[in-house]
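Before any comments, here is the structure.
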Amino acid sequence: MRTELCFYVNGMPHRVAGRDAFLTLSDYLRRNQNLTGTKIVCSEGDCGACSVLVGRIHDGVLHYAAVDSCIQFLYQVDGAHVVTVEGLKKNGALHPVQQAMIDCHGSQCGFCTPGFVTTMASLFENGGTRREEPLTSAELRDALSGNLCRCTGYVQIIEAGCSIDPASVPRMKNVFDEKALVADLAERVREEVRIEARDAEGHDLVVYLPLSWEAAARFKAESEETVVIAGATDIGVQRNKGRVTPRRILSLARVEGDDTISVADGLLTIGARTVWSAVERAMRDLIPDYYNILLRFGGPQIRNAGTVGGNLVNASPIADSIPFHFVTETELELISPSGTRRVPIEKFYLGYKKLDLKQDELLARVVARLPGDGEILKLYKVSKRKNLDISTFTAAIAVQLDGSTVASARIAYGGVGPVVLRLPQTEAFLAGKPFTEETMRAAGRTARGEITPITDVRGSAAYRSQLAENILVRFYHDVAAQAAAV
């Protein structure tokens, strides 16, 4: 078992032990390594100024993705290769993305520029294979939705991205000695890691990176103070804002397996450690409505780090993914040293932030039922802005039609109670009714009576109640428009 973190930064090996192992990645880069090109602004993962590339081994090569280093802890990059804006240069020459930002005047005050550069550079990486076509404006707007330019120089930034010839962009495998990196890192990721230290106030610190779910569950069971960290996209924000100080940490970053997606016998199985960007790619053709919701699920840097399991266990009543899993009658596979058990997702949430999850259990897999033939599934998210915003209201509506009659319906709303809610009375009302606007309006009035929204900074209780009613009418018109277009 190792007692130090092992990773690379810009091609150079790093070994970190003691209290430094508990730093955020951004603090380590800036304060310990003087790599100050990585900027810190929001400390929430909203602005992308701290974006770096993180390469992890898949199928024998390094796959790079942009992440927000301010909400990544250093132990999360054990066994990985981190590339900062300083590391993009090859033989002293600027990276083509850097040069394009200069040529197109994409950098104004310059504070956000490194984050834009690293995020844009990641778009030319695909497991080391070469991109053939130039970036499009639409692609860039989606890809850069997790980066904020306060000078609003977006036109020039988009122009810079579109101007880059993919053939001129060196792959990371050519900038760095990938063969040597992979050979070393492949050895490191086969080792468990446990680091103990004391912080400046004398508190004991421990972080454990196991290789198996069973070992992870045993460590979790040892203390109620254990904080489980997968993507850290939520706990990282809380730590930066002084709300929590995790000291006994179970990191799932290195648990083997269960970060894959499979489809068999009408079931969709997703490993709890699977990051949202992987789910997004898988859903593009499989469940397009889910794919469209995921495009608004934080920025790309958040989706490259946040995990399916973390989102479900965090148990927010406005989590964008939970309504989908309610209407697909998902089962959660929980693992402990004594074995596994499955819990229907509706029974998993016992109250606000209260779960049917024992002290020695961890969420390992998520099993959802795919929409059946002729079943119509629509997902909705209402927020103040389109991208990178917390939801005010969410909904998942699945309807099975028999001709022009509703044979059955499954409806789940988020943001209207302490947990995501199924609406059994509304579902029962719709069964056997004609699928008309009048029916859906009446169903909306029924839905009002099944929810208990509150007023907060994102919207009033009255507004949420109206959304709960209106969304069923919206569903009807969306289905009608889709049918008319066929």
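Labeling convention for the structure tokens: chains A, B, ... as they appear, residues from 1 per chain, ligands from 1 in order of appearance.
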- Item | Contacts of segment 140-143 of chain A at 10 Å (only C-alpha atoms; same-chain gap of 5+ positions) as number ranges by chain | A: 116, 119-120, 122-123, 135, 154, 157-159, 161-162, 295-296, 299-301, 387
- For Val189 of chain A, please output as number ranges by chain all residues within 10 Å (counting only C-alpha atoms; exclusion window: fewer than 5 positions along the same chain). A: 6-7, 57, 78-80, 184, 209, 211, 254-256
Preceding selection exported with C-alpha atoms as a CSV table (one decimal), in the first residue's frame:
```csv
chain,number,residue,atom,x,y,z
A,6,CYS,CA,1.9,9.6,-7.5
A,7,PHE,CA,1.0,11.6,-10.6
A,57,ILE,CA,-5.4,5.5,-18.8
A,78,ASP,CA,-3.4,10.0,-8.3
A,79,GLY,CA,-2.3,7.9,-11.3
A,80,ALA,CA,-3.2,10.6,-13.7
A,184,ASP,CA,4.7,4.3,-14.9
A,209,LEU,CA,-8.0,5.1,-2.1
A,211,LEU,CA,-9.2,-0.7,-5.4
A,254,ARG,CA,-9.5,4.2,-8.1
A,255,VAL,CA,-12.1,1.6,-7.5
A,256,GLU,CA,-11.8,-0.9,-10.3
```
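Take atom CA of Arg303 of chain A and atom CA of Lys241 of chain A: the distance between them is 20.9 Å.
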- Which polymer residues have any atom within 9 Å of an atom of Ile302 of chain A, counting only C-alpha atoms, with same-chain residues fewer than 2 positions away left out, as a VMD selection string? chain A and resid 45 to 46 66 to 68 146 231 233 276 to 277 297 to 300 304 to 306
- Message: Show me, as a PyMOL selection string, the residues that have an atom within 6 Å of segment 403-411 of chain A when counting only C-alpha atoms, minus same-chain residues fewer than 6 positions from it.
- Response: chain A and resi 327+396-397+422-423+427+431-435
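Here atom CA of Tyr352 of chain A is placed at a distance of 4.9 Å from atom CA of Pro418 of chain A.
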- Message: Excluding Asp373 of chain A and its own-chain neighbours fewer than 4 positions away, which residues fall within 12 Å of it when counting only C-alpha atoms? Please give them as a ChimeraX atom specification.
- Response: /A:266,377,398-402
Filtering to N, CA and C atoms, could you give me those residues as a CSV table (one decimal), in the first residue's frame?
```
chain,number,residue,atom,x,y,z
A,266,GLY,N,-33.4,-4.9,-22.4
A,266,GLY,CA,-34.2,-3.8,-22.1
A,266,GLY,C,-33.8,-3.0,-20.8
A,377,LEU,N,-41.2,9.4,-23.9
A,377,LEU,CA,-40.5,10.0,-22.7
A,377,LEU,C,-40.0,11.4,-23.0
A,398,ALA,N,-43.5,10.0,-18.8
A,398,ALA,CA,-43.4,8.8,-19.7
A,398,ALA,C,-44.9,8.4,-19.9
A,399,VAL,N,-45.3,8.3,-21.1
A,399,VAL,CA,-46.7,8.0,-21.5
A,399,VAL,C,-46.7,6.9,-22.5
A,400,GLN,N,-47.5,5.8,-22.3
A,400,GLN,CA,-47.7,4.8,-23.2
A,400,GLN,C,-49.1,5.0,-23.8
A,401,LEU,N,-49.1,5.2,-25.1
A,401,LEU,CA,-50.4,5.4,-25.8
A,401,LEU,C,-50.9,4.2,-26.5
A,402,ASP,N,-52.2,4.0,-26.5
A,402,ASP,CA,-52.9,3.0,-27.2
A,402,ASP,C,-53.8,3.7,-28.2
```
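Distances to Ser51 of chain A were evaluated for A:Asn34, A:Thr84, A:Gln76, A:Gln156 using only C-alpha atoms, and the minimum falls at A:Thr84.
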- Message: I want to know what sits within 7 Å of segment 174-180 of chain A, based on only C-alpha atoms, with residues of the same chain fewer than 3 positions away left out; could you give that as number ranges by chain?
- Response: A: 11, 90, 170-171, 183-184
- Item | Contacts of Tyr8 of chain A within 10 Å, only C-alpha atoms, excl. fewer than 4 positions in-chain, as an MDAnalysis selection string | chainID A and resid 12:15 54:55 77:83 181 184:185
Selection to disk with C-alpha atoms, as an mmCIF file, in the first residue's frame:
```cif
data_model
loop_
_atom_site.group_PDB
_atom_site.id
_atom_site.type_symbol
_atom_site.label_atom_id
_atom_site.label_comp_id
_atom_site.auth_asym_id
_atom_site.auth_seq_id
_atom_site.Cartn_x
_atom_site.Cartn_y
_atom_site.Cartn_z
ATOM 1 C CA MET A 12 7.113 15.567 -14.784
ATOM 2 C CA PRO A 13 6.575 13.042 -11.946
ATOM 3 C CA HIS A 14 5.200 14.284 -8.628
ATOM 4 C CA ARG A 15 5.140 12.486 -5.284
ATOM 5 C CA VAL A 54 -6.407 15.483 -16.783
ATOM 6 C CA GLY A 55 -5.274 12.377 -18.638
ATOM 7 C CA VAL A 77 -5.513 12.776 -9.726
ATOM 8 C CA ASP A 78 -3.435 9.952 -8.266
ATOM 9 C CA GLY A 79 -2.342 7.865 -11.256
ATOM 10 C CA ALA A 80 -3.161 10.625 -13.747
ATOM 11 C CA HIS A 81 -1.323 13.185 -15.889
ATOM 12 C CA VAL A 82 -2.262 16.836 -15.361
ATOM 13 C CA VAL A 83 -1.546 19.354 -18.115
ATOM 14 C CA LEU A 181 3.930 7.976 -18.718
ATOM 15 C CA ASP A 184 4.712 4.258 -14.908
ATOM 16 C CA LEU A 185 1.106 5.219 -14.196
#
```
- Please, what distance in Å, to one decimal, runs between atom CA of Gln359 of chain A and atom CA of Glu225 of chain A? 10.2 Å
- Task: From segment 221-357 of chain A, collect each residue whose DSSP state is strand (DSSP E or B) and return the set as a ChimeraX atom specification.
- Result: /A:227-229,248-251,261-264,267-271,275,307,331-336,339-344,349-351,354-355
Prev. selection, C-alpha atoms, output as a compact mmCIF listing (two decimals), in the first residue's frame:
```txt
# COMPACT_ATOMS: atom_id res chain seq x y z
CA VAL A 227 -16.81 11.46 3.71
CA VAL A 228 -17.20 9.57 0.43
CA ILE A 229 -15.80 11.43 -2.58
CA ARG A 248 -11.63 11.23 7.01
CA ILE A 249 -11.97 10.67 3.30
CA LEU A 250 -12.87 7.67 1.19
CA SER A 251 -11.97 8.43 -2.41
CA ILE A 261 -22.47 1.69 -19.36
CA SER A 262 -24.20 -1.36 -20.79
CA VAL A 263 -27.54 -2.22 -22.39
CA ALA A 264 -29.07 -5.71 -22.29
CA LEU A 267 -32.17 -2.57 -19.11
CA LEU A 268 -29.65 0.25 -18.94
CA THR A 269 -26.89 -0.39 -16.37
CA ILE A 270 -24.59 2.43 -15.35
CA GLY A 271 -21.69 2.08 -12.95
CA VAL A 275 -18.84 10.39 -15.18
CA THR A 307 -20.44 10.89 -11.29
CA GLU A 331 -33.12 0.06 -9.04
CA LEU A 332 -29.98 0.98 -7.12
CA GLU A 333 -27.47 -1.76 -6.38
CA LEU A 334 -25.89 -1.21 -2.97
CA ILE A 335 -22.76 -3.06 -1.96
CA SER A 336 -21.39 -3.86 1.50
CA GLY A 339 -22.99 -8.64 -0.14
CA THR A 340 -25.31 -6.60 -2.34
CA ARG A 341 -28.95 -5.59 -2.29
CA ARG A 342 -31.19 -3.68 -4.68
CA VAL A 343 -33.48 -0.84 -3.70
CA PRO A 344 -36.12 0.78 -5.94
CA TYR A 349 -35.16 8.60 -0.56
CA LEU A 350 -36.71 8.63 2.90
CA GLY A 351 -36.82 12.41 3.31
CA LYS A 354 -32.19 10.96 4.15
CA LEU A 355 -31.37 7.69 2.39
```
- Which of these, A:Thr446, A:Thr136, A:Thr330, A:Ser145, has the shortest distance to Arg385 of chain A once you count only C-alpha atoms? A:Ser145
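Across A:Ala315, A:Lys173, A:Gly48, A:Glu86, the tightest approach to Cys112 of chain A is made by A:Gly48 when counting only C-alpha atoms.
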- Message: Please identify the alpha helix (DSSP H) residues within segment 29-277 of chain A (assignment by DSSP from backbone atoms) and present them as a VMD selection string.
- Response: chain A and resid 96 to 103 113 to 122 137 to 143 154 to 162 172 to 175 178 to 188 213 to 221 235 to 240 276 to 277
Using only C-alpha atoms, please write the residues we just selected to a file, as a PDB file, in the first residue's frame.
```pdb
ATOM      1  CA  PRO A  96      -2.079  26.452 -31.858  1.00  0.00           C
ATOM      2  CA  VAL A  97      -4.994  27.276 -29.538  1.00  0.00           C
ATOM      3  CA  GLN A  98      -2.856  29.817 -27.692  1.00  0.00           C
ATOM      4  CA  GLN A  99      -1.677  31.350 -30.968  1.00  0.00           C
ATOM      5  CA  ALA A 100      -5.230  31.527 -32.317  1.00  0.00           C
ATOM      6  CA  MET A 101      -6.384  33.395 -29.208  1.00  0.00           C
ATOM      7  CA  ILE A 102      -3.647  35.964 -29.869  1.00  0.00           C
ATOM      8  CA  ASP A 103      -4.289  36.239 -33.599  1.00  0.00           C
ATOM      9  CA  THR A 113      -7.891  32.965 -21.109  1.00  0.00           C
ATOM     10  CA  PRO A 114      -5.967  29.969 -19.682  1.00  0.00           C
ATOM     11  CA  GLY A 115      -9.221  28.184 -18.923  1.00  0.00           C
ATOM     12  CA  PHE A 116     -10.571  28.806 -22.405  1.00  0.00           C
ATOM     13  CA  VAL A 117      -7.285  27.612 -23.893  1.00  0.00           C
ATOM     14  CA  THR A 118      -7.117  24.348 -21.945  1.00  0.00           C
ATOM     15  CA  THR A 119     -10.792  23.586 -22.547  1.00  0.00           C
ATOM     16  CA  MET A 120     -10.442  24.277 -26.254  1.00  0.00           C
ATOM     17  CA  ALA A 121      -7.286  22.195 -26.451  1.00  0.00           C
ATOM     18  CA  SER A 122      -9.193  19.252 -24.973  1.00  0.00           C
ATOM     19  CA  SER A 137     -19.326  27.613 -33.791  1.00  0.00           C
ATOM     20  CA  ALA A 138     -22.152  25.491 -32.351  1.00  0.00           C
ATOM     21  CA  GLU A 139     -19.703  22.902 -31.048  1.00  0.00           C
ATOM     22  CA  LEU A 140     -17.576  25.571 -29.404  1.00  0.00           C
ATOM     23  CA  ARG A 141     -20.554  27.240 -27.758  1.00  0.00           C
ATOM     24  CA  ASP A 142     -21.538  23.963 -26.148  1.00  0.00           C
ATOM     25  CA  ALA A 143     -17.980  22.999 -25.241  1.00  0.00           C
ATOM     26  CA  TYR A 154     -17.047  35.613 -26.886  1.00  0.00           C
ATOM     27  CA  VAL A 155     -17.160  36.485 -30.593  1.00  0.00           C
ATOM     28  CA  GLN A 156     -13.369  36.639 -30.824  1.00  0.00           C
ATOM     29  CA  ILE A 157     -12.981  33.482 -28.731  1.00  0.00           C
ATOM     30  CA  ILE A 158     -15.337  31.567 -31.041  1.00  0.00           C
ATOM     31  CA  GLU A 159     -13.506  32.974 -34.066  1.00  0.00           C
ATOM     32  CA  ALA A 160     -10.230  31.776 -32.577  1.00  0.00           C
ATOM     33  CA  GLY A 161     -11.575  28.264 -32.108  1.00  0.00           C
ATOM     34  CA  CYS A 162     -13.021  28.083 -35.612  1.00  0.00           C
ATOM     35  CA  MET A 172      -0.723  15.261 -26.103  1.00  0.00           C
ATOM     36  CA  LYS A 173       0.920  11.921 -26.860  1.00  0.00           C
ATOM     37  CA  ASN A 174       3.334  13.794 -29.113  1.00  0.00           C
ATOM     38  CA  VAL A 175       3.921  16.660 -26.705  1.00  0.00           C
ATOM     39  CA  GLU A 178       3.108   8.933 -23.487  1.00  0.00           C
ATOM     40  CA  LYS A 179       4.682   5.490 -23.570  1.00  0.00           C
ATOM     41  CA  ALA A 180       6.810   6.245 -20.509  1.00  0.00           C
ATOM     42  CA  LEU A 181       3.930   7.976 -18.718  1.00  0.00           C
ATOM     43  CA  VAL A 182       1.544   5.075 -19.277  1.00  0.00           C
ATOM     44  CA  ALA A 183       4.139   2.497 -18.226  1.00  0.00           C
ATOM     45  CA  ASP A 184       4.712   4.258 -14.908  1.00  0.00           C
ATOM     46  CA  LEU A 185       1.106   5.219 -14.196  1.00  0.00           C
ATOM     47  CA  ALA A 186      -0.169   1.730 -15.035  1.00  0.00           C
ATOM     48  CA  GLU A 187       1.943   0.415 -12.170  1.00  0.00           C
ATOM     49  CA  ARG A 188       0.736   3.106  -9.784  1.00  0.00           C
ATOM     50  CA  TRP A 213     -15.938  -1.794  -3.500  1.00  0.00           C
ATOM     51  CA  GLU A 214     -15.602  -4.282  -0.646  1.00  0.00           C
ATOM     52  CA  ALA A 215     -12.510  -2.552   0.757  1.00  0.00           C
ATOM     53  CA  ALA A 216     -14.185   0.820   0.305  1.00  0.00           C
ATOM     54  CA  ALA A 217     -17.308  -0.319   2.175  1.00  0.00           C
ATOM     55  CA  ARG A 218     -15.228  -1.673   5.067  1.00  0.00           C
ATOM     56  CA  PHE A 219     -13.422   1.658   5.436  1.00  0.00           C
ATOM     57  CA  LYS A 220     -16.709   3.569   5.300  1.00  0.00           C
ATOM     58  CA  ALA A 221     -18.185   1.337   8.001  1.00  0.00           C
ATOM     59  CA  ILE A 235     -18.168  18.625  -1.764  1.00  0.00           C
ATOM     60  CA  GLY A 236     -15.388  20.624  -3.434  1.00  0.00           C
ATOM     61  CA  VAL A 237     -17.607  23.698  -3.522  1.00  0.00           C
ATOM     62  CA  GLN A 238     -18.678  23.209   0.089  1.00  0.00           C
ATOM     63  CA  ARG A 239     -15.075  22.897   1.187  1.00  0.00           C
ATOM     64  CA  ASN A 240     -14.034  26.049  -0.684  1.00  0.00           C
ATOM     65  CA  TRP A 276     -21.673  12.353 -16.730  1.00  0.00           C
ATOM     66  CA  SER A 277     -19.806  13.125 -19.943  1.00  0.00           C
TER      67      SER A 277
END
```
